[in-house]
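One file, final_29.tsv, is given below (TSV, C-alpha atoms).
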chain	number	residue	atom	x	y	z
A	1	MET	CA	-63.31	-111.16	-2.67
A	2	THR	CA	-62.74	-113.86	-5.32
A	3	HIS	CA	-64.67	-114.12	-8.59
A	4	ASN	CA	-66.64	-117.12	-7.29
A	5	GLU	CA	-67.62	-115.26	-4.11
A	6	SER	CA	-68.77	-112.19	-6.05
A	7	SER	CA	-70.83	-114.31	-8.47
A	8	ARG	CA	-72.73	-115.79	-5.53
A	9	LYS	CA	-73.68	-112.33	-4.32
A	10	ARG	CA	-76.82	-111.00	-5.99
A	11	CYS	CA	-78.85	-107.90	-5.25
A	12	PHE	CA	-82.00	-106.00	-6.17
A	13	ILE	CA	-82.24	-102.23	-6.31
A	14	VAL	CA	-85.64	-100.55	-5.81
A	15	LYS	CA	-85.94	-97.08	-7.37
A	16	ASP	CA	-88.72	-94.53	-7.01
A	17	ILE	CA	-89.47	-93.77	-10.67
A	18	THR	CA	-91.04	-90.41	-9.82
A	19	ASN	CA	-87.69	-88.96	-8.78
A	20	GLY	CA	-85.11	-91.62	-9.66
A	21	LYS	CA	-83.98	-92.12	-6.05
A	22	ILE	CA	-82.93	-95.52	-4.70
A	23	VAL	CA	-85.25	-96.43	-1.81
A	24	LYS	CA	-84.00	-99.93	-1.03
A	25	LYS	CA	-81.09	-102.24	-1.80
A	26	ILE	CA	-81.32	-105.94	-0.96
A	27	GLU	CA	-78.32	-108.23	-1.19
A	28	PHE	CA	-78.55	-112.00	-0.89
A	29	ASP	CA	-76.02	-114.79	-0.90
A	30	ALA	CA	-77.10	-117.37	-3.47
A	31	SER	CA	-74.84	-120.04	-2.03
A	32	ALA	CA	-76.45	-119.68	1.41
A	33	LEU	CA	-80.04	-119.71	0.15
A	34	ALA	CA	-79.70	-122.28	-2.62
A	35	PRO	CA	-80.36	-125.38	-0.40
A	36	LEU	CA	-83.86	-124.04	0.29
A	37	PHE	CA	-84.64	-124.26	-3.41
A	38	ASP	CA	-82.72	-127.37	-4.46
A	39	ASN	CA	-79.72	-125.33	-5.51
A	40	ASP	CA	-81.82	-123.47	-8.08
A	41	MET	CA	-80.44	-119.92	-8.38
A	42	GLN	CA	-83.33	-118.79	-10.59
A	43	LYS	CA	-85.91	-119.81	-7.99
A	44	ILE	CA	-84.09	-117.75	-5.38
A	45	ARG	CA	-84.12	-114.74	-7.63
A	46	ASP	CA	-87.78	-115.18	-8.70
A	47	ASN	CA	-89.02	-115.66	-5.15
A	48	LEU	CA	-87.40	-112.48	-3.90
A	49	TYR	CA	-88.47	-110.51	-6.98
A	50	GLU	CA	-92.09	-111.57	-6.48
A	51	HIS	CA	-91.95	-110.47	-2.84
A	52	LEU	CA	-90.59	-107.05	-3.83
A	53	GLN	CA	-93.25	-106.57	-6.51
A	54	LYS	CA	-95.98	-107.03	-3.90
A	55	LYS	CA	-94.33	-104.52	-1.57
A	56	PHE	CA	-93.35	-101.93	-4.21
A	57	PRO	CA	-96.11	-101.36	-6.83
A	58	PRO	CA	-94.75	-101.13	-10.41
A	59	TYR	CA	-96.52	-97.85	-11.27
A	60	LYS	CA	-94.30	-96.08	-8.74
A	61	TYR	CA	-91.19	-98.23	-8.30
A	62	GLN	CA	-88.70	-99.92	-10.59
A	63	ILE	CA	-86.96	-103.09	-9.41
A	64	ILE	CA	-83.54	-103.58	-10.97
A	65	GLU	CA	-81.01	-106.37	-10.76
A	66	PRO	CA	-77.87	-104.45	-11.76
A	67	VAL	CA	-74.71	-105.89	-13.19
A	68	ASP	CA	-72.81	-102.65	-12.79
A	69	GLU	CA	-74.15	-100.29	-10.10
A	70	GLU	CA	-72.31	-97.33	-11.68
A	71	LYS	CA	-74.57	-97.66	-14.73
A	72	LEU	CA	-77.70	-97.82	-12.61
A	73	ILE	CA	-78.07	-94.02	-12.32
A	74	GLU	CA	-78.06	-93.67	-16.11
A	75	ASN	CA	-80.87	-96.19	-16.54
A	76	THR	CA	-84.15	-94.67	-15.37
A	77	GLY	CA	-86.22	-97.43	-17.01
A	78	VAL	CA	-89.95	-97.08	-17.56
A	79	PHE	CA	-91.76	-94.20	-15.88
A	80	ARG	CA	-95.30	-94.99	-14.68
A	81	MET	CA	-97.90	-92.55	-13.44
A	82	GLU	CA	-101.33	-93.70	-12.27
A	83	ALA	CA	-104.41	-91.48	-12.08
A	84	SER	CA	-106.69	-91.18	-9.06
A	85	SER	CA	-110.46	-90.88	-9.52
A	86	ARG	CA	-110.66	-89.39	-6.03
A	87	SER	CA	-108.31	-86.55	-7.02
A	88	LEU	CA	-110.38	-85.73	-10.11
A	89	LEU	CA	-113.62	-85.86	-8.11
A	90	LEU	CA	-112.14	-83.45	-5.56
A	91	VAL	CA	-110.99	-81.09	-8.33
A	92	ASN	CA	-114.48	-81.13	-9.90
A	93	CYS	CA	-116.16	-80.44	-6.55
A	94	LEU	CA	-113.81	-77.50	-5.99
A	95	GLY	CA	-114.62	-76.39	-9.54
A	96	ILE	CA	-118.32	-76.23	-8.66
A	97	ILE	CA	-117.60	-74.15	-5.55
A	98	VAL	CA	-115.24	-71.75	-7.34
A	99	GLY	CA	-117.63	-71.54	-10.30
A	100	ALA	CA	-120.52	-70.64	-7.99
A	101	ILE	CA	-118.47	-67.87	-6.32
A	102	LEU	CA	-117.34	-66.41	-9.67
A	103	LEU	CA	-120.89	-66.60	-11.04
A	104	PHE	CA	-122.24	-64.76	-7.99
A	105	ILE	CA	-119.63	-62.01	-8.34
A	106	LEU	CA	-120.23	-61.69	-12.11
A	107	LEU	CA	-123.99	-61.38	-11.70
A	108	LEU	CA	-123.54	-58.72	-9.01
A	109	ILE	CA	-121.10	-56.71	-11.15
A	110	ARG	CA	-123.46	-56.84	-14.13
A	111	SER	CA	-126.44	-56.03	-11.90
A	112	LEU	CA	-128.15	-59.17	-13.17
A	113	TYR	CA	-128.34	-61.06	-9.90
A	114	SER	CA	-131.49	-62.99	-9.15
A	115	LEU	CA	-131.90	-66.20	-7.19
A	116	GLY	CA	-133.43	-68.00	-10.17
A	117	LEU	CA	-130.60	-67.05	-12.56
A	118	PHE	CA	-128.00	-67.96	-9.96
A	119	VAL	CA	-129.57	-71.40	-9.39
A	120	VAL	CA	-129.72	-72.06	-13.15
A	121	GLY	CA	-126.05	-71.14	-13.41
A	122	ILE	CA	-125.12	-73.52	-10.57
A	123	ILE	CA	-127.07	-76.35	-12.25
A	124	ILE	CA	-125.22	-75.77	-15.54
A	125	ILE	CA	-121.81	-75.77	-13.80
A	126	THR	CA	-122.68	-78.92	-11.83
A	127	LYS	CA	-123.89	-80.75	-14.95
A	128	TYR	CA	-120.69	-79.82	-16.75
A	129	MET	CA	-118.53	-81.17	-13.93
A	130	ILE	CA	-120.57	-84.38	-13.67
A	131	THR	CA	-120.31	-84.90	-17.44
A	132	ASP	CA	-116.56	-84.28	-17.33
A	133	TYR	CA	-116.13	-86.86	-14.56
A	134	SER	CA	-118.37	-89.41	-16.33
A	135	ILE	CA	-116.41	-89.07	-19.58
A	136	TRP	CA	-113.15	-89.58	-17.69
A	137	LYS	CA	-114.53	-92.70	-15.98
A	138	LYS	CA	-115.45	-94.13	-19.38
A	139	LYS	CA	-112.42	-93.27	-21.50
A	140	GLY	CA	-110.10	-91.05	-19.48
A	141	ILE	CA	-106.39	-91.80	-19.04
A	142	ARG	CA	-105.89	-94.03	-15.99
A	143	LEU	CA	-102.21	-94.93	-16.38
A	144	ILE	CA	-99.28	-93.49	-18.33
A	145	GLU	CA	-96.01	-95.26	-19.13
A	146	ILE	CA	-93.01	-93.60	-20.79
A	147	ASP	CA	-90.07	-95.54	-22.17
A	148	SER	CA	-87.26	-94.58	-24.52
A	149	TYR	CA	-89.37	-95.29	-27.61
A	150	GLY	CA	-92.73	-93.77	-26.84
A	151	ILE	CA	-95.73	-93.50	-24.55
A	152	ASN	CA	-98.40	-95.97	-23.41
A	153	LEU	CA	-101.78	-94.54	-22.41
A	154	TYR	CA	-104.26	-96.81	-20.63
A	155	ARG	CA	-107.84	-95.56	-20.90
A	156	GLY	CA	-111.07	-96.29	-19.06
A	157	LYS	CA	-111.89	-98.84	-16.42
A	158	GLU	CA	-110.57	-101.66	-18.64
A	159	LYS	CA	-107.29	-99.74	-19.16
A	160	ARG	CA	-107.38	-100.05	-22.95
A	161	LEU	CA	-103.89	-99.50	-24.35
A	162	GLU	CA	-103.15	-96.64	-26.72
A	163	ARG	CA	-99.53	-96.62	-27.89
A	164	ILE	CA	-97.82	-93.47	-29.18
A	165	GLU	CA	-94.45	-94.05	-30.80
A	166	ALA	CA	-91.84	-91.33	-30.46
A	167	SER	CA	-91.76	-91.02	-34.27
A	168	GLN	CA	-95.49	-90.13	-34.29
A	169	ILE	CA	-95.01	-87.12	-32.00
A	170	THR	CA	-94.67	-83.91	-34.00
A	171	ASP	CA	-94.69	-81.48	-31.06
A	172	ILE	CA	-95.45	-81.17	-27.36
A	173	ASN	CA	-97.11	-78.13	-25.85
A	174	ILE	CA	-96.92	-77.54	-22.09
A	175	PHE	CA	-98.75	-74.68	-20.44
A	176	LYS	CA	-100.26	-73.65	-17.14
A	177	LYS	CA	-103.77	-72.24	-16.76
A	178	VAL	CA	-104.32	-70.76	-13.30
A	179	ASN	CA	-103.12	-73.70	-11.09
A	180	ARG	CA	-103.79	-76.32	-13.75
A	181	ARG	CA	-100.98	-77.82	-15.85
A	182	ILE	CA	-101.86	-79.20	-19.27
A	183	VAL	CA	-99.67	-81.22	-21.63
A	184	THR	CA	-100.82	-81.54	-25.26
A	185	ILE	CA	-99.09	-84.19	-27.37
A	186	LEU	CA	-99.46	-83.48	-31.07
A	187	THR	CA	-99.38	-86.40	-33.50
A	188	GLY	CA	-99.76	-84.42	-36.71
A	189	GLY	CA	-101.83	-81.55	-35.33
A	190	GLN	CA	-100.93	-77.86	-35.30
A	191	VAL	CA	-100.67	-75.19	-32.61
A	192	PHE	CA	-102.05	-71.68	-33.07
A	193	LYS	CA	-101.05	-69.14	-30.46
A	194	ALA	CA	-102.45	-65.69	-29.76
A	195	PRO	CA	-102.06	-63.45	-26.70
A	196	GLY	CA	-103.66	-65.40	-23.83
A	197	VAL	CA	-105.03	-68.13	-26.14
A	198	THR	CA	-103.62	-71.43	-27.43
A	199	LEU	CA	-105.62	-73.41	-29.99
A	200	PHE	CA	-104.97	-76.86	-31.44
A	201	LYS	CA	-106.04	-78.26	-34.80
A	202	GLY	CA	-105.72	-81.86	-35.90
A	203	SER	CA	-104.60	-85.00	-34.12
A	204	CYS	CA	-103.50	-84.42	-30.52
A	205	ILE	CA	-103.85	-85.84	-26.99
A	206	ARG	CA	-104.47	-83.62	-23.99
A	207	ILE	CA	-103.32	-84.62	-20.50
A	208	ALA	CA	-104.17	-82.43	-17.49
A	209	ASP	CA	-102.87	-82.80	-13.94
A	210	ASP	CA	-106.37	-82.99	-12.41
A	211	SER	CA	-106.27	-86.70	-11.62
A	212	PHE	CA	-102.54	-87.12	-11.02
A	213	ASN	CA	-100.17	-86.60	-8.12
A	214	ASN	CA	-98.49	-83.17	-8.43
A	215	GLU	CA	-94.97	-84.46	-7.84
A	216	GLN	CA	-95.41	-87.28	-10.34
A	217	PHE	CA	-96.88	-84.91	-12.93
A	218	THR	CA	-93.85	-82.61	-12.58
A	219	PHE	CA	-91.56	-85.57	-13.26
A	220	PHE	CA	-93.84	-86.65	-16.15
A	221	ILE	CA	-93.36	-83.24	-17.78
A	222	GLU	CA	-89.59	-83.60	-17.55
A	223	LYS	CA	-89.68	-87.14	-18.95
A	224	ILE	CA	-91.90	-86.27	-21.88
A	225	LYS	CA	-89.64	-83.45	-23.01
A	226	GLN	CA	-87.32	-86.07	-24.52
A	227	PHE	CA	-89.83	-86.42	-27.38
A	228	LYS	CA	-90.15	-82.68	-28.01
A	229	LYS	CA	-88.91	-81.82	-31.49

With the file now loaded, output its structure as structure tokens.
Amino acid sequence: MTHNESSRKRCFIVKDITNGKIVKKIEFDASALAPLFDNDMQKIRDNLYEHLQKKFPPYKYQIIEPVDEEKLIENTGVFRMEASSRSLLLVNCLGIIVGAILLFILLLIRSLYSLGLFVVGIIIITKYMITDYSIWKKKGIRLIEIDSYGINLYRGKEKRLERIEASQITDINIFKKVNRRIVTILTGGQVFKAPGVTLFKGSCIRIADDSFNNEQFTFFIEKIKQFKK
């Protein structure tokens, strides 16, 4: 293939940013398609890119136009992870059920069981879960982006941006509580550990897996480790 022939060949690579795998490769011959756009190469490229963006949402996929495909594997680009209100609602509903079962068992063991006390306990647990969900709806993290220089957090329904530069991160704590994974990003705060207890003092941001896809959250943990000091 001559240099002119290779320059006419363009392609887009679509990568799943949750695992880095290539899911689609589209090649197009600019010389063949150019007449449709008055010989405008940029219009060809833009039209196809727009089509791919509609088909592959940016929070999950990265669309790349590589110059050297061998360097493509090294460039993971921006990682995006979007929260699901349905997932959090399901977790909170399960929390109410599990809380009710544990409360019932505890009251029986302590010989304190009464219908009135049990109902009061259920109301308290339910109110806590409703409050937790309401707070998340108002200012919870809806979208996370990680690049080489830091982290973007988008909060609330309006997705207000909160930027954390890599230089601001003093430590990252990752731990699992029962089946719940929690990442705490410290931006000047301190960690105090005791057997079975981890406490945080000062400026920090806490991100739990309640509202995120499990596979994406696993990849998020791996990505965020690059900022761990």

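Within 12 Å of Ile97 of chain A, once all atoms listed in the file are used and residues closer than 4 positions along the same chain are dropped, the contacting residues are Leu90, Val91, Asn92, Cys93, Ile101, Leu102, Leu103, Phe104, Gly121, Ile122, Ile123, Ile125, Thr126 and Met129 of chain A.
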
Residues of the last selection are to be written out with C-alpha atoms, as an mmCIF file, in the coordinates of the input.
data_model
loop_
_atom_site.group_PDB
_atom_site.id
_atom_site.type_symbol
_atom_site.label_atom_id
_atom_site.label_comp_id
_atom_site.auth_asym_id
_atom_site.auth_seq_id
_atom_site.Cartn_x
_atom_site.Cartn_y
_atom_site.Cartn_z
ATOM 1 C CA LEU A 90 -112.140 -83.450 -5.560
ATOM 2 C CA VAL A 91 -110.990 -81.090 -8.330
ATOM 3 C CA ASN A 92 -114.480 -81.130 -9.900
ATOM 4 C CA CYS A 93 -116.160 -80.440 -6.550
ATOM 5 C CA ILE A 101 -118.470 -67.870 -6.320
ATOM 6 C CA LEU A 102 -117.340 -66.410 -9.670
ATOM 7 C CA LEU A 103 -120.890 -66.600 -11.040
ATOM 8 C CA PHE A 104 -122.240 -64.760 -7.990
ATOM 9 C CA GLY A 121 -126.050 -71.140 -13.410
ATOM 10 C CA ILE A 122 -125.120 -73.520 -10.570
ATOM 11 C CA ILE A 123 -127.070 -76.350 -12.250
ATOM 12 C CA ILE A 125 -121.810 -75.770 -13.800
ATOM 13 C CA THR A 126 -122.680 -78.920 -11.830
ATOM 14 C CA MET A 129 -118.530 -81.170 -13.930
#

Handout entry: Residue contacts of Phe227 of chain A (10 Å, only C-alpha atoms) excluding same-chain residues fewer than 4 positions away, as a VMD selection string
Key = chain A and resid 148 to 151 165 to 172 185 223

Atom CA of Ala83 of chain A to atom CA of Val98 of chain A measures 23.0 Å

Here atom CA of Gly99 of chain A and atom CA of Val119 of chain A stand apart by 12.0 Å

Margin query: Give me, as a ChimeraX atom specification, all polymer residues having an atom no more than 10 Å from Lys225 of chain A, counting only C-alpha atoms and skipping those fewer than 4 positions away in the same chain.
Written below: /A:171-174,220-221,229

Check: If we count only C-alpha atoms, what is near segment 202-215 of chain A at a cut-off of 7 Å, once residues fewer than 4 positions away on the same chain are taken out, given as number ranges by chain?
Finding: A: 82-85, 87-88, 91, 180-190, 219

A straight line from atom CA of Cys11 of chain A to atom CA of Lys43 of chain A spans 14.1 Å

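Minimum atom-to-atom distances from A:Ile141, A:Gly116, A:Gln216, A:Lys60 to Arg160 of chain A were compared using all atoms listed in the file, and the lowest value belongs to A:Ile141.
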
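Each of A:Ile26, A:Leu199, A:Leu89, A:Ile124 was checked against Trp136 of chain A using all atoms listed in the file; the smallest atom-to-atom distance is that of A:Leu89.
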
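Among A:Ile130, A:Ile164, A:Ile13, A:Ile105, the residue with the shortest atom-to-atom distance to Gln62 of chain A, counting all atoms listed in the file, is A:Ile13.
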
Saved segment 192-211 of chain A from the preceding structure, N, CA and C atoms, as an mmCIF file, in the first residue's frame:
data_model
loop_
_atom_site.group_PDB
_atom_site.id
_atom_site.type_symbol
_atom_site.label_atom_id
_atom_site.label_comp_id
_atom_site.auth_asym_id
_atom_site.auth_seq_id
_atom_site.Cartn_x
_atom_site.Cartn_y
_atom_site.Cartn_z
ATOM 1 N N PHE A 192 -7.489 7.073 61.081
ATOM 2 C CA PHE A 192 -7.187 6.460 62.369
ATOM 3 C C PHE A 192 -7.764 5.054 62.361
ATOM 4 N N LYS A 193 -6.902 4.073 62.521
ATOM 5 C CA LYS A 193 -7.332 2.681 62.457
ATOM 6 C C LYS A 193 -7.188 2.002 63.807
ATOM 7 N N ALA A 194 -8.201 1.197 64.128
ATOM 8 C CA ALA A 194 -8.204 0.352 65.311
ATOM 9 C C ALA A 194 -8.787 -0.982 64.878
ATOM 10 N N PRO A 195 -8.600 -2.038 65.655
ATOM 11 C CA PRO A 195 -9.146 -3.346 65.268
ATOM 12 C C PRO A 195 -10.645 -3.282 64.964
ATOM 13 N N GLY A 196 -10.996 -3.504 63.690
ATOM 14 C CA GLY A 196 -12.397 -3.510 63.277
ATOM 15 C C GLY A 196 -13.006 -2.145 63.043
ATOM 16 N N VAL A 197 -12.212 -1.062 63.218
ATOM 17 C CA VAL A 197 -12.757 0.300 63.084
ATOM 18 C C VAL A 197 -11.780 1.174 62.300
ATOM 19 N N THR A 198 -12.314 1.950 61.356
ATOM 20 C CA THR A 198 -11.518 2.931 60.622
ATOM 21 C C THR A 198 -12.233 4.278 60.710
ATOM 22 N N LEU A 199 -11.534 5.281 61.234
ATOM 23 C CA LEU A 199 -12.108 6.613 61.408
ATOM 24 C C LEU A 199 -11.339 7.617 60.558
ATOM 25 N N PHE A 200 -12.050 8.653 60.116
ATOM 26 C CA PHE A 200 -11.436 9.688 59.285
ATOM 27 C C PHE A 200 -11.667 11.052 59.915
ATOM 28 N N LYS A 201 -10.634 11.881 59.878
ATOM 29 C CA LYS A 201 -10.713 13.235 60.419
ATOM 30 C C LYS A 201 -10.209 14.207 59.361
ATOM 31 N N GLY A 202 -10.955 15.282 59.149
ATOM 32 C CA GLY A 202 -10.532 16.279 58.183
ATOM 33 C C GLY A 202 -11.188 16.109 56.828
ATOM 34 N N SER A 203 -10.616 16.753 55.832
ATOM 35 C CA SER A 203 -11.203 16.798 54.498
ATOM 36 C C SER A 203 -11.064 15.458 53.773
ATOM 37 N N CYS A 204 -12.203 14.885 53.382
ATOM 38 C CA CYS A 204 -12.189 13.621 52.647
ATOM 39 C C CYS A 204 -13.509 13.438 51.897
ATOM 40 N N ILE A 205 -13.498 12.572 50.906
ATOM 41 C CA ILE A 205 -14.683 12.268 50.100
ATOM 42 C C ILE A 205 -14.894 10.764 50.114
ATOM 43 N N ARG A 206 -16.106 10.358 50.422
ATOM 44 C CA ARG A 206 -16.426 8.942 50.567
ATOM 45 C C ARG A 206 -17.291 8.486 49.388
ATOM 46 N N ILE A 207 -16.871 7.406 48.742
ATOM 47 C CA ILE A 207 -17.608 6.868 47.601
ATOM 48 C C ILE A 207 -17.886 5.387 47.841
ATOM 49 N N ALA A 208 -19.159 5.017 47.947
ATOM 50 C CA ALA A 208 -19.547 3.626 48.157
ATOM 51 C C ALA A 208 -20.069 3.042 46.856
ATOM 52 N N ASP A 209 -20.102 1.722 46.791
ATOM 53 C CA ASP A 209 -20.517 1.055 45.547
ATOM 54 C C ASP A 209 -22.025 0.878 45.421
ATOM 55 N N ASP A 210 -22.795 1.436 46.370
ATOM 56 C CA ASP A 210 -24.242 1.217 46.409
ATOM 57 C C ASP A 210 -24.962 1.544 45.098
ATOM 58 N N SER A 211 -24.573 2.642 44.465
ATOM 59 C CA SER A 211 -25.301 3.114 43.290
ATOM 60 C C SER A 211 -24.567 2.844 41.975
#
